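Data first, discussion second: the structure below is written as structure tokens.
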Amino acid sequence: MFLEKLFSRGKKENEVIGDITKQIKLLNTACGLFKTALETDNPSLMRKVMDFERMGDAIRRDIISRIYEGAFLPYLRPDLCKFVEIVDSIFDLLEDTGYKYLDLKLPEQLRGECIQVAFLNRRICEMLLITFESMIKGEDLREKILAIRIYEKKIDDIKFDLIRDARKIEITNFWEGEILSQFLSCLTSISDVIEDASDHLQVIHVSMK
Amino acid sequence: MKVKEFMTTNIESIDHKRSVYYAVERMVNRRIRCLLVRFSGDEREYGVITARDVVFKVLAKGIDPTKINVSKITSKPIVCIDQDADFKEVAKIMDESDIARAFVCDQDRVIGLVALMDVMSATIIARARGEYVS
């Protein structure tokens with residue numbers, strides 16, 4: 001595989017690839033947990049999403065250290081680090097969304113659409129993992145990246161419906177409205193950042209050629 | 001991939017007694033191409049009106065859209081598919097019935113809508129996930 005050659009897979013490189021895979025898998029689990037917590041309106045489950053963010057942080061630190069200890073060719077390191085940072089920022093966004101959820105009483109008329117977004121966030125995250133694994137195998141990423149864009153577009157469509165429906169809700173307290181608005185904004189932004197991560201994979205992939 | 005994973009759940013509907021002009025306004029404002037028609041008095045009776053119906057059955061014939069009711073050009077009954085149906089089944093139904101969108105029903109209640117574009121998108125996703133079998 002051409003990437004395996006370019007990545008000159010030694011022990012350090014394999015460890016980094018293993019850890020990045022672990023980081024994306026952890027993100028998948030966190031997205032799944034978030035969706036279940038939203039579906040079941042379970043605050044304690046939602047708090048567990050924050051634990052995943054901390055675990056994700058630890059993995060990110062390990063990966064970055066390993067890369068700068070000498071894994072991979074120097075010209076590849078900044079791009080790989082950038083990708084890892086983007087994935088880490090998705091954990092942060094998911095955590096923020098979770099905190100906002102714990103802070104509000106989600107109107108029932110919005111719950112269905114929010115669950116659908118959470119479900120699609122999980123799916124798009126799975127696609128990110130599939131894309132990363134394909135890149136390591138040196139496969140073409142075109143179809144995978146297109147699938148991510150389709151998911152992102154679908155979430156965007158739901159976002160506009162959500163905003164329209166949210167406008168119909170009577171808000172009696174400023175902070176109640178502000179937190180609901182922030183929650184919806186965070187929830188629907190997760191897919192944007194995942195799309196950024198997949199675009200960055202494409203950049204890494206192209207720069208190898 | 002199952003239909004329920006990728007259907008549109010926010011469906012715009014219109015009462016059958018409304019004017020076609022009102023339906024056009026709704027379609028233009030929401031940038032959609034069809035409306036679910038509801039019949040007052042029977043919550044489980046549905047029809048559908050599409051942009052195609054408006055153009056061919058009203059505008060092309062020189063009929064004033066403000067003077068004709070939606071019920072006059074509504075297609076009934078609607079084509080319903082199960083939420084657990086596969087997108088391939090949906091494509092087959094659309095092909096056989098010569099329609100561009102189908103409603104997703106739970107028993108006799110409409111819960112979603114699937115358009116040709118959704119079928120195309122779902123196929124691309126299934127290919128990317130390695131789930132597509134030709």
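The way I read the labels, and the way they are meant: chains A, B, ... in the order of the structure tokens, residue 1 as the first residue of every chain, and ligand 1 as the first ligand shown, with later ones counted on from there.
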
Asp82 of chain B environment, 8 Å, only C-alpha atoms, sequence neighbours closer than 3 positions dropped, as a list in words: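 Returned residues: Val3, Ala85, Val104, Cys105 and Asp106 of chain B.
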
For chain B, report every residue with an atom at most 10 Å from chain A (counting only C-alpha atoms), formatted as a list in words.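 Putting it all together, I get Lys4, Glu5, Phe6, Met7, Thr8, Thr9, Asn10, Arg30, Asp118, Ser121, Ala122, Thr123, Ile124, Ile125, Ala126, Arg127, Ala128, Arg129 and Gly130 of chain B.
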
Minimum-distance residue to Leu45 of chain A, chosen among A:Val16, A:Lys159, A:Gly32, A:Val206 (using only C-alpha atoms):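 Closest to Leu45 of chain A, using only C-alpha atoms: A:Gly32.
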
Give the alpha helix (DSSP H) residues of segment 8-105 of chain B, as DSSP finds them on the backbone, and put them as JSON, numbers by chain. {"B": [20, 21, 22, 23, 24, 25, 26, 27, 28, 29, 30, 51, 52, 53, 87, 88, 89, 90, 91, 92, 93, 94, 95, 96, 97]}

Got a sec: who's within 9 Å of Ile93 of chain B, counting only C-alpha atoms, leaving out chain neighbours fewer than 5 positions off, as a list in words?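 Here the answer would be Val79, Ile81, Lys88, Asp98, Ile99 and Ala102 of chain B.
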
Go ahead and write the selection's residues with N, CA and C atoms as a compact mmCIF listing (two decimals), in the first residue's frame.
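Once everything was written out, this is result-v2.txt:
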# COMPACT_ATOMS: atom_id res chain seq x y z
N VAL B 79 -48.98 6.95 -2.06
CA VAL B 79 -48.17 5.72 -2.03
C VAL B 79 -47.44 5.68 -0.69
N ILE B 81 -44.99 3.65 2.14
CA ILE B 81 -44.00 2.60 2.32
C ILE B 81 -43.71 2.43 3.81
N LYS B 88 -33.70 0.20 -1.67
CA LYS B 88 -33.84 -0.47 -2.97
C LYS B 88 -35.31 -0.76 -3.26
N ASP B 98 -44.19 5.24 -11.02
CA ASP B 98 -43.79 6.45 -11.73
C ASP B 98 -43.99 7.71 -10.87
N ILE B 99 -43.41 7.66 -9.69
CA ILE B 99 -43.50 8.81 -8.76
C ILE B 99 -42.10 9.21 -8.30
N ALA B 102 -42.34 9.27 -2.05
CA ALA B 102 -43.31 8.37 -1.42
C ALA B 102 -43.39 8.71 0.06

Using only C-alpha atoms, determine which residues lie at most 8 Å from Ile190 of chain A, disregarding the query and same-chain residues fewer than 4 positions distant; provide the list as a ChimeraX atom specification. /A:90,93-94,121,186,194

Keeping only N, CA and C atoms, write those residues as a PDB file, in the first residue's frame.
ATOM      1  N   ILE A  90     -14.166  18.103  18.259  1.00  0.00           N
ATOM      2  CA  ILE A  90     -15.525  17.529  18.174  1.00  0.00           C
ATOM      3  C   ILE A  90     -15.945  17.026  19.564  1.00  0.00           C
ATOM      4  N   LEU A  93     -17.008  20.031  21.484  1.00  0.00           N
ATOM      5  CA  LEU A  93     -18.321  20.513  21.055  1.00  0.00           C
ATOM      6  C   LEU A  93     -19.437  19.615  21.594  1.00  0.00           C
ATOM      7  N   LEU A  94     -19.162  18.313  21.584  1.00  0.00           N
ATOM      8  CA  LEU A  94     -20.147  17.351  22.101  1.00  0.00           C
ATOM      9  C   LEU A  94     -20.345  17.571  23.608  1.00  0.00           C
ATOM     10  N   ASN A 121     -25.400  12.424  13.584  1.00  0.00           N
ATOM     11  CA  ASN A 121     -24.046  12.744  14.060  1.00  0.00           C
ATOM     12  C   ASN A 121     -23.265  11.457  14.300  1.00  0.00           C
ATOM     13  N   CYS A 186     -25.034  24.244  18.843  1.00  0.00           N
ATOM     14  CA  CYS A 186     -23.939  23.287  19.085  1.00  0.00           C
ATOM     15  C   CYS A 186     -24.278  21.932  18.453  1.00  0.00           C
ATOM     16  N   ILE A 194     -17.013  17.600  11.834  1.00  0.00           N
ATOM     17  CA  ILE A 194     -16.657  16.267  11.312  1.00  0.00           C
ATOM     18  C   ILE A 194     -16.337  16.383   9.818  1.00  0.00           C
TER      19      ILE A 194
END

By how many Å are atom CA of Thr74 of chain B and atom CA of Ile14 of chain B apart?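 Straight-line distance from atom CA of Thr74 of chain B to atom CA of Ile14 of chain B works out to 10.8 Å.
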
Can you list, as JSON, numbers by chain, every protein, DNA or RNA residue that comes within 10 Å of segment 58-75 of chain A when you count only C-alpha atoms, leaving out same-chain residues fewer than 6 positions away? {"A": [6, 7, 8, 9, 10, 11, 12, 13, 14, 15, 16, 17, 18, 19, 20, 22, 23, 26, 52, 81, 82, 84, 85, 87, 88, 207]}

Quick one: residues within 10 Å of Ile204 of chain A, only C-alpha atoms, excluding same-chain residues fewer than 6 positions away - as a ChimeraX atom specification? /A:76,79-80,83,135,198

At a cut-off of 8 Å, using only C-alpha atoms, what residues contact Ser71 of chain B? Leave out same-chain residues fewer than 3 positions from it and give the result as a PyMOL selection string. chain B and resi 16-17+37+74

Suppose you want the space between atom CA of Met50 of chain A and atom CA of Phe34 of chain A; what is it in Å?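 Atom CA of Phe34 of chain A lies at a distance of 9.9 Å from atom CA of Met50 of chain A.
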